file work.cif (mmCIF, C-alpha atoms)
data_upload
loop_
_atom_site.label_atom_id
_atom_site.label_comp_id
_atom_site.auth_asym_id
_atom_site.auth_seq_id
_atom_site.Cartn_x
_atom_site.Cartn_y
_atom_site.Cartn_z
CA MET F 1 64.66 46.36 301.76
CA ARG F 2 63.82 45.10 298.28
CA LYS F 3 61.98 42.13 299.81
CA PHE F 4 60.05 44.45 302.13
CA SER F 5 59.02 46.64 299.17
CA PHE F 6 57.75 43.60 297.26
CA VAL F 7 55.67 42.41 300.23
CA LEU F 8 54.23 45.92 300.70
CA PHE F 9 53.37 46.12 296.99
CA ALA F 10 51.63 42.73 297.10
CA LEU F 11 49.67 43.76 300.19
CA LEU F 12 48.53 47.02 298.60
CA LEU F 13 47.53 45.19 295.43
CA SER F 14 45.44 42.72 297.42
CA VAL F 15 43.71 45.53 299.31
CA ASN F 16 42.97 47.39 296.08
CA MET F 17 41.52 44.25 294.47
CA LEU F 18 39.33 43.62 297.51
CA PHE F 19 38.18 47.26 297.51
CA ALA F 20 37.33 47.06 293.80
CA GLN F 21 35.30 43.87 294.30
CA LYS F 22 33.34 45.37 297.17
CA ASN F 23 32.57 48.46 295.13
CA GLN F 24 31.30 46.44 292.19
CA GLU F 25 27.76 45.40 292.94
CA ILE F 26 26.13 42.56 290.99
CA TYR F 27 22.36 42.20 290.65
CA SER F 28 20.53 39.36 288.95
CA ILE F 29 17.11 39.40 287.31
CA GLY F 30 15.46 36.23 286.05
CA PHE F 31 12.49 34.78 284.23
CA TYR F 32 10.96 31.31 284.55
CA ASN F 33 7.93 29.74 282.87
CA LEU F 34 6.63 27.56 285.71
CA GLU F 35 4.56 25.36 283.37
CA ASN F 36 1.09 25.35 284.85
CA LEU F 37 1.56 26.06 288.53
CA PHE F 38 -2.09 25.37 289.38
CA ASP F 39 -3.63 24.50 292.73
CA THR F 40 -6.41 21.93 293.20
CA ILE F 41 -9.24 24.46 293.69
CA HIS F 42 -11.56 25.65 290.94
CA ASP F 43 -11.44 29.38 290.21
CA LYS F 44 -14.87 30.66 289.22
CA GLY F 45 -15.05 31.67 285.57
CA LYS F 46 -11.77 29.94 284.65
CA ASN F 47 -11.28 26.80 282.58
CA ASP F 48 -8.96 25.12 285.07
CA TYR F 49 -10.81 21.80 285.20
CA GLU F 50 -7.88 19.69 283.95
CA TYR F 51 -5.98 20.68 287.11
CA LEU F 52 -8.62 19.47 289.55
CA PRO F 53 -8.60 16.12 291.40
CA ASP F 54 -11.31 14.73 289.10
CA GLY F 55 -9.83 16.34 285.96
CA VAL F 56 -7.94 14.58 283.19
CA ASN F 57 -4.58 15.24 284.91
CA ARG F 58 -5.83 13.86 288.24
CA TRP F 59 -4.19 16.84 289.88
CA ASN F 60 -4.10 16.36 293.64
CA THR F 61 -2.45 17.72 296.78
CA LYS F 62 0.55 15.41 296.50
CA LYS F 63 1.30 16.54 292.94
CA TYR F 64 0.70 20.20 293.78
CA ARG F 65 3.05 20.11 296.78
CA SER F 66 5.74 18.38 294.74
CA LYS F 67 5.35 20.98 292.00
CA LEU F 68 5.81 23.76 294.57
CA LYS F 69 8.93 22.06 295.95
CA ASN F 70 10.44 21.68 292.48
CA MET F 71 9.76 25.28 291.48
CA ALA F 72 11.06 26.59 294.81
CA THR F 73 14.26 24.56 294.42
CA VAL F 74 15.09 26.08 291.05
CA LEU F 75 14.16 29.64 292.01
CA ASN F 76 16.22 29.44 295.19
CA GLU F 77 19.31 28.31 293.27
CA MET F 78 19.05 30.74 290.36
CA SER F 79 22.12 33.06 290.41
CA ALA F 80 23.08 31.92 293.94
CA ASP F 81 26.51 30.87 292.66
CA GLU F 82 27.13 34.47 291.52
CA THR F 83 25.57 36.40 294.39
CA SER F 84 24.58 35.12 297.83
CA MET F 85 21.48 37.32 297.83
CA GLY F 86 20.07 35.40 294.88
CA LEU F 87 17.67 37.02 292.46
CA ALA F 88 16.73 40.65 292.92
CA ALA F 89 13.57 40.01 290.89
CA VAL F 90 12.18 37.20 288.78
CA GLY F 91 9.27 37.20 286.38
CA VAL F 92 7.17 34.04 286.25
CA SER F 93 4.45 32.85 283.89
CA GLU F 94 1.76 30.16 283.90
CA VAL F 95 0.74 30.78 287.51
CA GLU F 96 -2.94 30.37 288.33
CA ASN F 97 -3.56 32.96 291.03
CA ILE F 98 -2.24 34.78 294.08
CA ARG F 99 -2.76 31.65 296.23
CA VAL F 100 -0.19 29.58 294.36
CA LEU F 101 2.26 32.50 294.44
CA LYS F 102 1.92 32.81 298.22
CA ASP F 103 2.33 29.05 298.63
CA LEU F 104 5.46 29.25 296.47
CA VAL F 105 7.28 32.12 298.22
CA ASN F 106 6.33 30.71 301.64
CA HIS F 107 7.61 27.23 300.83
CA LYS F 108 10.29 26.15 303.31
CA ILE F 109 12.92 26.14 300.55
CA LEU F 110 12.22 29.77 299.58
CA ALA F 111 10.82 31.33 302.75
CA HIS F 112 14.22 32.55 303.97
CA ARG F 113 14.43 34.89 300.97
CA LYS F 114 11.29 36.74 302.14
CA TRP F 115 10.21 37.53 298.59
CA GLY F 116 7.39 39.88 297.76
CA ILE F 117 4.80 39.41 295.01
CA VAL F 118 3.43 41.66 292.28
CA HIS F 119 0.40 40.06 290.61
CA VAL F 120 -2.65 41.33 288.77
CA GLU F 121 -5.37 38.83 287.87
CA GLY F 122 -5.61 38.65 284.09
CA PRO F 123 -8.26 37.69 281.54
CA ASP F 124 -6.71 34.41 280.35
CA LYS F 125 -9.46 31.80 279.97
CA ARG F 126 -7.46 29.11 281.75
CA GLY F 127 -6.40 31.52 284.48
CA ALA F 128 -2.68 31.42 283.65
CA ASP F 129 -1.08 34.73 284.65
CA CYS F 130 2.31 36.41 284.85
CA ALA F 131 3.76 37.77 288.08
CA LEU F 132 6.92 39.34 289.46
CA LEU F 133 8.61 38.01 292.59
CA TYR F 134 11.21 40.23 294.20
CA ASN F 135 13.69 40.52 297.06
CA PRO F 136 12.60 43.63 299.02
CA GLN F 137 16.18 44.17 300.21
CA LEU F 138 17.21 44.74 296.59
CA PHE F 139 14.15 45.80 294.60
CA THR F 140 11.37 48.14 295.69
CA PRO F 141 8.22 48.16 293.54
CA LEU F 142 6.66 51.61 293.23
CA ASP F 143 3.83 51.06 290.77
CA SER F 144 2.36 48.23 288.73
CA ARG F 145 -0.37 47.66 286.18
CA LEU F 146 -1.50 45.05 283.70
CA VAL F 147 -1.58 46.53 280.21
CA PRO F 148 -4.14 44.54 278.21
CA TYR F 149 -3.46 42.75 274.94
CA THR F 150 -5.68 44.30 272.28
CA THR F 151 -6.17 43.11 268.73
CA ALA F 152 -5.67 45.46 265.78
CA ASP F 153 -9.44 45.50 265.19
CA ASN F 154 -10.28 45.74 268.93
CA ASP F 155 -11.97 42.35 269.03
CA ALA F 156 -13.22 42.22 272.63
CA SER F 157 -13.87 38.47 272.41
CA TYR F 158 -10.15 37.75 272.06
CA LYS F 159 -8.83 37.40 275.59
CA THR F 160 -5.23 36.56 276.36
CA ARG F 161 -2.51 37.48 278.80
CA GLY F 162 -1.64 41.15 279.18
CA PHE F 163 1.71 42.75 279.94
CA LEU F 164 2.58 43.14 283.63
CA THR F 165 4.46 46.43 283.91
CA VAL F 166 6.25 47.17 287.19
CA ALA F 167 8.12 50.35 288.05
CA GLY F 168 10.58 50.12 290.90
CA GLU F 169 14.00 50.94 292.31
CA LEU F 170 17.08 48.74 292.04
CA ALA F 171 20.47 49.90 293.32
CA GLY F 172 19.03 53.39 293.79
CA GLU F 173 17.92 53.64 290.16
CA LYS F 174 14.51 53.63 288.47
CA VAL F 175 13.90 50.33 286.70
CA TYR F 176 10.86 49.29 284.67
CA ILE F 177 10.21 45.57 284.25
CA ILE F 178 7.66 44.27 281.73
CA VAL F 179 6.70 40.61 282.21
CA ASN F 180 5.26 38.85 279.15
CA HIS F 181 3.73 35.61 277.97
CA TRP F 182 2.89 36.11 274.32
CA PRO F 183 0.25 34.11 272.40
CA SER F 184 1.18 30.48 271.86
CA ARG F 185 2.30 28.84 268.64
CA TYR F 186 -1.19 27.43 268.24
CA THR F 187 -2.00 30.91 266.91
CA LYS F 188 -0.51 32.44 263.78
CA SER F 189 2.58 34.64 263.85
CA PHE F 190 0.61 37.88 263.55
CA ALA F 191 -0.74 37.41 267.11
CA ARG F 192 2.80 37.54 268.50
CA GLU F 193 3.78 40.31 266.10
CA ARG F 194 0.90 42.29 267.58
CA ALA F 195 2.29 41.60 271.07
CA GLY F 196 5.66 42.96 269.95
CA VAL F 197 4.01 46.14 268.66
CA LEU F 198 2.13 46.62 271.94
CA VAL F 199 5.19 46.08 274.15
CA LYS F 200 7.21 48.46 272.00
CA ALA F 201 4.50 51.07 272.57
CA ILE F 202 4.76 50.53 276.34
CA LYS F 203 8.54 50.91 276.15
CA ASP F 204 8.26 54.07 274.04
CA SER F 205 5.78 55.62 276.49
CA ILE F 206 8.16 54.95 279.40
CA VAL F 207 11.14 56.47 277.57
CA ALA F 208 9.02 59.53 276.67
CA VAL F 209 8.31 60.39 280.33
CA ALA F 210 11.46 58.92 281.92
CA PRO F 211 14.32 59.11 279.40
CA ASP F 212 16.87 57.89 281.99
CA ALA F 213 14.87 54.84 283.04
CA LYS F 214 16.36 51.37 282.89
CA ILE F 215 14.00 49.05 280.99
CA VAL F 216 13.89 45.24 281.20
CA ILE F 217 11.50 43.27 278.97
CA MET F 218 11.21 39.59 279.87
CA GLY F 219 9.06 36.59 279.23
CA ASP F 220 8.08 33.56 277.25
CA LEU F 221 7.64 35.20 273.87
CA ASN F 222 6.79 31.95 272.05
CA ASP F 223 9.17 33.08 269.31
CA ASP F 224 12.92 33.00 268.88
CA PRO F 225 15.04 36.19 268.97
CA ASP F 226 15.27 36.38 265.17
CA ASP F 227 11.55 35.83 264.53
CA GLU F 228 9.52 38.70 263.15
CA SER F 229 7.72 39.51 266.41
CA VAL F 230 10.93 40.05 268.41
CA LYS F 231 13.29 41.27 265.70
CA ASN F 232 11.05 43.79 263.91
CA SER F 233 7.77 44.29 265.80
CA LEU F 234 9.52 44.78 269.15
CA GLY F 235 12.76 45.94 267.52
CA ALA F 236 15.25 44.06 269.72
CA LYS F 237 18.74 44.18 268.21
CA GLN F 238 21.23 41.34 267.85
CA ASN F 239 24.42 43.22 268.65
CA ILE F 240 25.17 45.67 271.42
CA VAL F 241 26.93 48.06 269.02
CA GLU F 242 23.60 48.60 267.26
CA VAL F 243 22.14 50.19 270.40
CA LYS F 244 22.46 53.95 269.96
CA SER F 245 19.80 55.48 272.22
CA ALA F 246 17.70 54.94 275.33
CA GLY F 247 14.82 53.76 273.16
CA ASP F 248 16.82 50.98 271.50
CA LEU F 249 16.68 47.40 272.77
CA TYR F 250 19.46 44.81 273.02
CA ASN F 251 18.67 41.09 272.87
CA PRO F 252 21.62 39.01 274.13
CA TRP F 253 19.82 35.72 273.44
CA TRP F 254 20.05 36.00 269.66
CA ASN F 255 23.71 34.98 269.59
CA ILE F 256 23.24 32.45 272.40
CA LEU F 257 20.73 30.59 270.22
CA ARG F 258 22.31 30.93 266.77
CA ARG F 259 26.02 31.07 267.61
CA ASP F 260 26.20 28.98 270.78
CA ARG F 261 23.26 26.72 269.78
CA LEU F 262 21.71 26.82 273.24
CA GLY F 263 18.04 27.18 274.08
CA THR F 264 15.37 26.99 276.77
CA LEU F 265 13.00 24.38 275.32
CA LYS F 266 13.19 21.55 272.82
CA TYR F 267 10.74 20.60 270.08
CA LYS F 268 11.42 17.50 268.00
CA GLY F 269 15.02 17.49 269.17
CA LYS F 270 15.68 21.11 268.22
CA TRP F 271 16.37 23.91 270.69
CA ASN F 272 14.26 27.07 270.69
CA LEU F 273 14.89 30.09 272.86
CA PHE F 274 11.46 31.56 273.61
CA ASP F 275 12.42 32.73 277.12
CA GLN F 276 14.25 36.02 276.83
CA ILE F 277 15.26 39.06 278.90
CA ILE F 278 15.81 42.10 276.71
CA VAL F 279 17.35 45.33 277.99
CA GLY F 280 16.88 48.97 277.04
CA GLY F 281 19.59 51.30 275.80
CA ASN F 282 20.24 52.82 279.22
CA LEU F 283 21.48 49.45 280.45
CA VAL F 284 24.21 49.09 277.83
CA GLY F 285 27.32 51.08 277.03
CA LYS F 286 29.99 52.56 279.28
CA ARG F 287 28.57 55.94 280.23
CA GLY F 288 28.65 56.87 283.91
CA VAL F 289 28.67 55.02 287.21
CA THR F 290 25.33 53.31 286.82
CA LEU F 291 23.63 49.96 286.37
CA LYS F 292 24.84 48.21 283.24
CA PHE F 293 24.14 44.90 281.54
CA HIS F 294 26.93 42.41 282.28
CA LYS F 295 25.92 39.01 280.90
CA ALA F 296 23.06 36.61 280.14
CA GLN F 297 22.74 33.01 281.26
CA ILE F 298 20.46 30.03 280.71
CA PHE F 299 20.14 28.41 284.13
CA VAL F 300 20.25 24.61 284.07
CA ARG F 301 21.08 21.82 286.49
CA ASP F 302 21.26 18.09 285.74
CA TYR F 303 18.15 17.37 287.79
CA MET F 304 16.11 19.66 285.49
CA LEU F 305 16.78 17.46 282.43
CA HIS F 306 15.74 14.00 281.25
CA LYS F 307 18.66 11.64 281.84
CA SER F 308 17.62 8.91 279.41
CA GLY F 309 15.09 7.88 276.80
CA LYS F 310 13.91 9.69 273.71
CA HIS F 311 13.80 13.01 275.57
CA LYS F 312 17.33 12.75 276.98
CA GLY F 313 18.81 16.22 277.46
CA SER F 314 15.44 17.99 277.22
CA PRO F 315 13.85 19.87 280.12
CA LYS F 316 12.01 17.46 282.41
CA ARG F 317 8.45 18.70 282.51
CA THR F 318 5.68 18.08 285.03
CA LEU F 319 3.46 15.98 282.78
CA SER F 320 3.99 14.08 279.55
CA GLY F 321 0.50 13.80 278.13
CA ARG F 322 -1.42 12.63 281.19
CA GLU F 323 1.58 10.91 282.80
CA TRP F 324 2.94 12.66 285.87
CA LEU F 325 6.73 12.84 285.64
CA ASP F 326 7.25 14.84 288.85
CA GLY F 327 9.44 17.14 286.78
CA TYR F 328 10.07 20.85 286.79
CA SER F 329 9.08 22.72 283.62
CA ASP F 330 9.22 22.26 279.87
CA HIS F 331 11.20 25.53 279.83
CA LEU F 332 14.58 26.40 281.34
CA PRO F 333 14.85 29.71 283.21
CA VAL F 334 17.03 32.62 282.12
CA ILE F 335 19.01 35.25 284.03
CA ILE F 336 20.70 38.54 283.28
CA TYR F 337 23.35 40.08 285.51
CA LEU F 338 23.69 43.83 286.00
CA LYS F 339 26.75 45.52 287.45
CA LYS F 340 27.13 48.83 289.19
CA ASP F 341 30.63 50.14 289.89
#

call {"tool": "encode", "arguments": {"input": "work.cif", "output": "structure tokens"}}
result
Amino acid sequence: MRKFSFVLFALLLSVNMLFAQKNQEIYSIGFYNLENLFDTIHDKGKNDYEYLPDGVNRWNTKKYRSKLKNMATVLNEMSADETSMGLAAVGVSEVENIRVLKDLVNHKILAHRKWGIVHVEGPDKRGADCALLYNPQLFTPLDSRLVPYTTADNDASYKTRGFLTVAGELAGEKVYIIVNHWPSRYTKSFARERAGVLVKAIKDSIVAVAPDAKIVIMGDLNDDPDDESVKNSLGAKQNIVEVKSAGDLYNPWWNILRRDRLGTLKYKGKWNLFDQIIVGGNLVGKRGVTLKFHKAQIFVRDYMLHKSGKHKGSPKRTLSGREWLDGYSDHLPVIIYLKKD
């Protein structure tokens, strides 16, 4: 009898654990700077000449197809070890146009995921845009717009990437995703501080009309989590206990860079963490049965890194100067995981 009771207890425990796992849904959202995913065709009005067959990079069909294969490989594997459905949505930057995005999602490595595309052609002089790719079984876009980058003095001659803002539904909840690629480090810090101010204004306007909305801000910010643009202009906080309201932002990458000493790109042997996914206050805490932030992850595989030489351990990029390396990107992608019980 005692043995029977033990077996029954073990069986019930196993059933309860299985039930709990099935009722805990995990969703992943990613970001990846694709490092100049350009085709071989000139886009009128864009300075894309270096990525043409007769340009300085000698960009041709072979190189373009290999670039697509490499990007598709990484995107297909991102979060697949945590959830068989893969990414619910992923922001990408440095994509030339809708053509390259269609070629990417229709590549034989990615086609089975049947991803959709949200893209708005931007004003960048080279033609490098941001976009959002999504799994329509998990994420449903409802509205999208490209909010322009404006200078403090409204200088119309200054043209750079805007902020792709997508409203949609994930796990039955309203989620807003803002995809960014802030001004490069060739410009002074104030250009990125201005980007932080503008994105904060977008976030505040969303919270004002939809106080229960889940907000995700992602992108290549060209600054680390503790730089002025992210820390103060945007207002993303280092520790989750500092998040007190829906309008607050939590940046999990701050401790990953400074405490764990991990990053997404290397410069002169030192890691930076420019690629970040920051979450709004409604995605943290323990209130209610709802989507909540679970963890953040830098996604890396051995094939994405240099295995030898002076760049050993750094992301293996597509080109080094004018030399084609047949690599992936000079940035590593990032992922956050959300749970819903």

call {"tool": "resolve_selection", "arguments": {"input": "work.cif", "expression": "the PyMOL selection byres ((chain F and resi 71-76) around 8)", "output": "PyMOL selection string"}}
result
chain F and resi 34+67-70+77-78+80+86+104-105+107+109-110+328

call {"tool": "closest_residue", "arguments": {"input": "work.cif", "among": "F:Asp260, F:Asp248, F:Asp275, F:Asp43", "to": "Val179 of chain F", "atoms": "only C-alpha atoms"}}
result
F:Asp275

call {"tool": "residues_around", "arguments": {"input": "work.cif", "residues": "Asn97 of chain F", "least_positions_apart": "3", "cutoff": "9 Å", "atoms": "only C-alpha atoms", "output": "PyMOL selection string"}}
result
chain F and resi 37-39+43+100-101+119-121+127-129

call {"tool": "residues_around", "arguments": {"input": "work.cif", "residues": "segment 180-188 of chain F", "least_positions_apart": "2", "cutoff": "8 Å", "atoms": "only C-alpha atoms", "output": "list in words"}}
result
Ser93, Cys130, Thr160, Arg161, Gly162, Phe163, Leu164, Ile178, Phe190, Ala191, Arg192, Ala195, Ile217, Met218, Gly219, Asp220, Leu221 and Asn222 of chain F

call {"tool": "write_last_selection", "arguments": {"input": "work.cif", "atoms": "C-alpha atoms", "output": "PDB file, in the frame of the given file"}}
result
ATOM      1  CA  SER F  93       4.450  32.850 283.890  1.00  0.00           C
ATOM      2  CA  CYS F 130       2.310  36.410 284.850  1.00  0.00           C
ATOM      3  CA  THR F 160      -5.230  36.560 276.360  1.00  0.00           C
ATOM      4  CA  ARG F 161      -2.510  37.480 278.800  1.00  0.00           C
ATOM      5  CA  GLY F 162      -1.640  41.150 279.180  1.00  0.00           C
ATOM      6  CA  PHE F 163       1.710  42.750 279.940  1.00  0.00           C
ATOM      7  CA  LEU F 164       2.580  43.140 283.630  1.00  0.00           C
ATOM      8  CA  ILE F 178       7.660  44.270 281.730  1.00  0.00           C
ATOM      9  CA  PHE F 190       0.610  37.880 263.550  1.00  0.00           C
ATOM     10  CA  ALA F 191      -0.740  37.410 267.110  1.00  0.00           C
ATOM     11  CA  ARG F 192       2.800  37.540 268.500  1.00  0.00           C
ATOM     12  CA  ALA F 195       2.290  41.600 271.070  1.00  0.00           C
ATOM     13  CA  ILE F 217      11.500  43.270 278.970  1.00  0.00           C
ATOM     14  CA  MET F 218      11.210  39.590 279.870  1.00  0.00           C
ATOM     15  CA  GLY F 219       9.060  36.590 279.230  1.00  0.00           C
ATOM     16  CA  ASP F 220       8.080  33.560 277.250  1.00  0.00           C
ATOM     17  CA  LEU F 221       7.640  35.200 273.870  1.00  0.00           C
ATOM     18  CA  ASN F 222       6.790  31.950 272.050  1.00  0.00           C
TER      19      ASN F 222
END

call {"tool": "closest_residue", "arguments": {"input": "work.cif", "among": "F:Phe299, F:Trp271, F:Phe139, F:Tyr149", "to": "Glu193 of chain F", "atoms": "only C-alpha atoms"}}
result
F:Tyr149

call {"tool": "resolve_selection", "arguments": {"input": "work.cif", "expression": "the PyMOL selection byres ((chain F and resi 26) around 8)", "output": "PyMOL selection string"}}
result
chain F and resi 24-25+27-28+83+337-340

call {"tool": "closest_atom_pairs", "arguments": {"input": "work.cif", "of": "segment 186-264 of chain F", "to": "segment 142-147 of chain F", "cutoff": "12 Å", "atoms": "all atoms listed in the file", "output": "CSV"}}
result
residue,atom,partner,partner_atom,distance
F:Ala195,CA,F:Val147,CA,11.1
F:Leu198,CA,F:Val147,CA,9.1
F:Val199,CA,F:Val147,CA,9.1
F:Ala201,CA,F:Val147,CA,10.8
F:Ile202,CA,F:Val147,CA,8.4
F:Lys203,CA,F:Val147,CA,11.8

call {"tool": "residues_around", "arguments": {"input": "work.cif", "residues": "Pro136 of chain F", "least_positions_apart": "2", "cutoff": "9 Å", "atoms": "only C-alpha atoms", "output": "ChimeraX atom specification"}}
result
/F:88-89,114-116,134,138-141

call {"tool": "write_last_selection", "arguments": {"input": "work.cif", "atoms": "C-alpha atoms", "output": "PDB file, keeping the file's coordinate frame"}}
result
ATOM      1  CA  ALA F  88      16.730  40.650 292.920  1.00  0.00           C
ATOM      2  CA  ALA F  89      13.570  40.010 290.890  1.00  0.00           C
ATOM      3  CA  LYS F 114      11.290  36.740 302.140  1.00  0.00           C
ATOM      4  CA  TRP F 115      10.210  37.530 298.590  1.00  0.00           C
ATOM      5  CA  GLY F 116       7.390  39.880 297.760  1.00  0.00           C
ATOM      6  CA  TYR F 134      11.210  40.230 294.200  1.00  0.00           C
ATOM      7  CA  LEU F 138      17.210  44.740 296.590  1.00  0.00           C
ATOM      8  CA  PHE F 139      14.150  45.800 294.600  1.00  0.00           C
ATOM      9  CA  THR F 140      11.370  48.140 295.690  1.00  0.00           C
ATOM     10  CA  PRO F 141       8.220  48.160 293.540  1.00  0.00           C
TER      11      PRO F 141
END

call {"tool": "residues_around", "arguments": {"input": "work.cif", "residues": "Tyr176 of chain F", "least_positions_apart": "2", "cutoff": "6 Å", "atoms": "only C-alpha atoms", "output": "PyMOL selection string"}}
result
chain F and resi 166-167+215

call {"tool": "resolve_selection", "arguments": {"input": "work.cif", "expression": "the PyMOL selection byres ((chain F and resi 263) around 12)", "output": "VMD selection string"}}
result
chain F and resid 223 to 225 253 to 262 264 to 267 269 to 276 297 to 300 313 to 315 330 to 334

call {"tool": "closest_residue", "arguments": {"input": "work.cif", "among": "F:Ala152, F:Ala210, F:Val216, F:Val118", "to": "Val92 of chain F", "atoms": "all atoms listed in the file"}}
result
F:Val118

call {"tool": "atom_distance", "arguments": {"input": "work.cif", "atom1": "atom CA of Gly30 of chain F", "atom2": "atom CA of Asp212 of chain F"}}
result
22.1 Å

call {"tool": "residues_near_point", "arguments": {"input": "work.cif", "point": "(-4.3, 16.0, 291.2)", "cutoff": "12 Å", "atoms": "only C-alpha atoms", "output": "PyMOL selection string"}}
result
chain F and resi 37-41+48-67+318-319+322-324+326

call {"tool": "write_last_selection", "arguments": {"input": "work.cif", "atoms": "C-alpha atoms", "output": "PDB file, in the frame of the given file"}}
result
ATOM      1  CA  LEU F  37       1.560  26.060 288.530  1.00  0.00           C
ATOM      2  CA  PHE F  38      -2.090  25.370 289.380  1.00  0.00           C
ATOM      3  CA  ASP F  39      -3.630  24.500 292.730  1.00  0.00           C
ATOM      4  CA  THR F  40      -6.410  21.930 293.200  1.00  0.00           C
ATOM      5  CA  ILE F  41      -9.240  24.460 293.690  1.00  0.00           C
ATOM      6  CA  ASP F  48      -8.960  25.120 285.070  1.00  0.00           C
ATOM      7  CA  TYR F  49     -10.810  21.800 285.200  1.00  0.00           C
ATOM      8  CA  GLU F  50      -7.880  19.690 283.950  1.00  0.00           C
ATOM      9  CA  TYR F  51      -5.980  20.680 287.110  1.00  0.00           C
ATOM     10  CA  LEU F  52      -8.620  19.470 289.550  1.00  0.00           C
ATOM     11  CA  PRO F  53      -8.600  16.120 291.400  1.00  0.00           C
ATOM     12  CA  ASP F  54     -11.310  14.730 289.100  1.00  0.00           C
ATOM     13  CA  GLY F  55      -9.830  16.340 285.960  1.00  0.00           C
ATOM     14  CA  VAL F  56      -7.940  14.580 283.190  1.00  0.00           C
ATOM     15  CA  ASN F  57      -4.580  15.240 284.910  1.00  0.00           C
ATOM     16  CA  ARG F  58      -5.830  13.860 288.240  1.00  0.00           C
ATOM     17  CA  TRP F  59      -4.190  16.840 289.880  1.00  0.00           C
ATOM     18  CA  ASN F  60      -4.100  16.360 293.640  1.00  0.00           C
ATOM     19  CA  THR F  61      -2.450  17.720 296.780  1.00  0.00           C
ATOM     20  CA  LYS F  62       0.550  15.410 296.500  1.00  0.00           C
ATOM     21  CA  LYS F  63       1.300  16.540 292.940  1.00  0.00           C
ATOM     22  CA  TYR F  64       0.700  20.200 293.780  1.00  0.00           C
ATOM     23  CA  ARG F  65       3.050  20.110 296.780  1.00  0.00           C
ATOM     24  CA  SER F  66       5.740  18.380 294.740  1.00  0.00           C
ATOM     25  CA  LYS F  67       5.350  20.980 292.000  1.00  0.00           C
ATOM     26  CA  THR F 318       5.680  18.080 285.030  1.00  0.00           C
ATOM     27  CA  LEU F 319       3.460  15.980 282.780  1.00  0.00           C
ATOM     28  CA  ARG F 322      -1.420  12.630 281.190  1.00  0.00           C
ATOM     29  CA  GLU F 323       1.580  10.910 282.800  1.00  0.00           C
ATOM     30  CA  TRP F 324       2.940  12.660 285.870  1.00  0.00           C
ATOM     31  CA  ASP F 326       7.250  14.840 288.850  1.00  0.00           C
TER      32      ASP F 326
END
